[in-house]
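Asks: First the structure, which I've put down as structure tokens, then a few questions once you've had a look.
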Amino acid sequence: MNTTTASKLALNPTRTGHVALTGFFKITGDWGLTNTQQRILLGDIPEQTYFKYKKLPAVKLSKDLLERISFVMGIRKALLILFPTKEQADAWVSKENRDFGGSSALETMLCGSITDLYRVRRYLDAWRG
């Protein structure tokens with residue numbers, strides 16, 4: 001994203017919300033997540049709010065939601081750098097991992113806390129070097 005685009009997004013929080021939600025639903029769709037799993041990653045938001053967001057409105061999102069979506073996007077970006085194909089990157093999320101106590105990264109993220117998303121993101125950043 002160039003600085004002009006970043007500036008426009010920063011000045012228009014509803015545009016930022018739309019872009020963030022579009023990216024989130026694309027990534028989590030590629031990961032094969034259910035509506036419930038997506039809601040949990042978004043901070044266990046109410047079902048009504050979730051379905052409103054699925055329509056990709058121009059909406060101002062809370063700092064917490066933007067941070068959660070940012071972690072998901074960062075995780076996806078790191079995976080695409082680490083793996084030779086998108087399919088391998090997407091599959092990694094659901095595979096058991098001894099570094100997460102035998103759970104998958106997805107299971108770790110679905111514990112619901114923003115720190116769980118951070119933990120997976122930090123792990124991938126360390127793996128990338």
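The chains in the structure tokens are called A, B, ... from first to last as shown; in each chain the residues are counted from 1, and the ligands are counted from 1 in the order shown.
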At a cut-off of 8 Å, using only C-alpha atoms, what residues contact segment 103-115 of chain A? Leave out same-chain residues fewer than 2 positions from it and give the result as a PyMOL selection string.

Replies: chain A and resi 37+40-41+43-44+68+92-98+100-101+117-120

Asks: Take the residues that were just selected and, keeping C-alpha atoms, output them as a PDB file, in the first residue's frame.

Replies:
```
ATOM      1  CA  GLN A  37     -15.019 -19.514  13.890  1.00  0.00           C
ATOM      2  CA  ILE A  40     -14.617 -15.875  17.459  1.00  0.00           C
ATOM      3  CA  LEU A  41     -11.620 -14.436  15.602  1.00  0.00           C
ATOM      4  CA  GLY A  43     -13.789 -11.180  19.287  1.00  0.00           C
ATOM      5  CA  ASP A  44     -16.913 -13.328  19.584  1.00  0.00           C
ATOM      6  CA  ARG A  68      -7.691  -8.562  15.321  1.00  0.00           C
ATOM      7  CA  TRP A  92      -0.722 -25.006   7.609  1.00  0.00           C
ATOM      8  CA  VAL A  93      -3.256 -23.134   9.730  1.00  0.00           C
ATOM      9  CA  SER A  94      -5.193 -26.339  10.462  1.00  0.00           C
ATOM     10  CA  LYS A  95      -2.274 -28.735  10.929  1.00  0.00           C
ATOM     11  CA  GLU A  96      -1.170 -29.930  14.352  1.00  0.00           C
ATOM     12  CA  ASN A  97       1.895 -28.140  15.608  1.00  0.00           C
ATOM     13  CA  ARG A  98       4.073 -29.232  18.510  1.00  0.00           C
ATOM     14  CA  PHE A 100       1.313 -24.967  20.021  1.00  0.00           C
ATOM     15  CA  GLY A 101       1.155 -27.987  22.339  1.00  0.00           C
ATOM     16  CA  LEU A 117      -3.767 -14.159  17.525  1.00  0.00           C
ATOM     17  CA  TYR A 118      -0.631 -12.299  18.571  1.00  0.00           C
ATOM     18  CA  ARG A 119       0.992 -15.562  19.663  1.00  0.00           C
ATOM     19  CA  VAL A 120       0.528 -17.136  16.215  1.00  0.00           C
TER      20      VAL A 120
END
```

Asks: Name the residues in contact with Gln88 of chain A at a cut-off of 12 Å, using only C-alpha atoms, excluding same-chain residues fewer than 5 positions from it; report them as a JSON list (two decimals) with N, CA, C and O atoms, in the first residue's frame.

Replies:
```
[["chain", "number", "residue", "atom", "x", "y", "z"],
["A", 30, "ASP", "N", -10.72, -18.61, 2.63],
["A", 30, "ASP", "CA", -9.68, -19.48, 2.07],
["A", 30, "ASP", "C", -9.25, -20.53, 3.09],
["A", 30, "ASP", "O", -8.85, -21.64, 2.70],
["A", 31, "TRP", "N", -9.30, -20.20, 4.37],
["A", 31, "TRP", "CA", -8.95, -21.15, 5.41],
["A", 31, "TRP", "C", -10.08, -22.13, 5.71],
["A", 31, "TRP", "O", -9.91, -23.07, 6.49],
["A", 76, "ARG", "N", -1.56, -14.31, 7.52],
["A", 76, "ARG", "CA", -1.67, -14.76, 6.12],
["A", 76, "ARG", "C", -0.44, -14.32, 5.32],
["A", 76, "ARG", "O", 0.11, -15.11, 4.56],
["A", 79, "LEU", "N", 2.54, -16.47, 6.14],
["A", 79, "LEU", "CA", 2.40, -17.81, 5.57],
["A", 79, "LEU", "C", 2.70, -17.82, 4.07],
["A", 79, "LEU", "O", 3.33, -18.75, 3.56],
["A", 80, "LEU", "N", 2.25, -16.79, 3.39],
["A", 80, "LEU", "CA", 2.51, -16.72, 1.95],
["A", 80, "LEU", "C", 3.99, -16.51, 1.64],
["A", 80, "LEU", "O", 4.47, -16.90, 0.58],
["A", 81, "ILE", "N", 4.72, -15.94, 2.58],
["A", 81, "ILE", "CA", 6.17, -15.78, 2.43],
["A", 81, "ILE", "C", 6.87, -17.11, 2.74],
["A", 81, "ILE", "O", 7.82, -17.49, 2.05],
["A", 82, "LEU", "N", 6.38, -17.82, 3.75],
["A", 82, "LEU", "CA", 7.04, -19.03, 4.21],
["A", 82, "LEU", "C", 6.80, -20.26, 3.33],
["A", 82, "LEU", "O", 7.65, -21.16, 3.28],
["A", 83, "PHE", "N", 5.67, -20.32, 2.66],
["A", 83, "PHE", "CA", 5.33, -21.51, 1.88],
["A", 83, "PHE", "C", 5.34, -21.20, 0.39],
["A", 83, "PHE", "O", 4.99, -20.10, -0.03],
["A", 93, "VAL", "N", -2.46, -23.68, 8.62],
["A", 93, "VAL", "CA", -3.26, -23.13, 9.73],
["A", 93, "VAL", "C", -3.97, -24.25, 10.51],
["A", 93, "VAL", "O", -4.10, -24.15, 11.73],
["A", 94, "SER", "N", -4.40, -25.28, 9.83],
["A", 94, "SER", "CA", -5.19, -26.34, 10.46],
["A", 94, "SER", "C", -4.39, -27.57, 10.87],
["A", 94, "SER", "O", -4.93, -28.50, 11.45],
["A", 95, "LYS", "N", -3.10, -27.57, 10.59],
["A", 95, "LYS", "CA", -2.27, -28.73, 10.93],
["A", 95, "LYS", "C", -1.77, -28.68, 12.37],
["A", 95, "LYS", "O", -1.45, -27.61, 12.88]]
```

Asks: Closest to Leu56 of chain A among A:Leu21, A:Ala78, A:Ala126, A:Leu42, using only C-alpha atoms?

Replies: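 That would be A:Leu21, the residue with the smallest distance to Leu56 of chain A.
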
Asks: Separation of atom CA of Gln38 of chain A and atom CA of Lys77 of chain A, in Å?

Replies: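 Computing the Euclidean distance for atom CA of Gln38 of chain A and atom CA of Lys77 of chain A yields 18.0 Å.
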
Asks: For Ala20 of chain A, find every residue with an atom within 8 Å (counting only C-alpha atoms), except residues of its own chain fewer than 2 positions away, and show them as a count of residues only.

Replies: 9
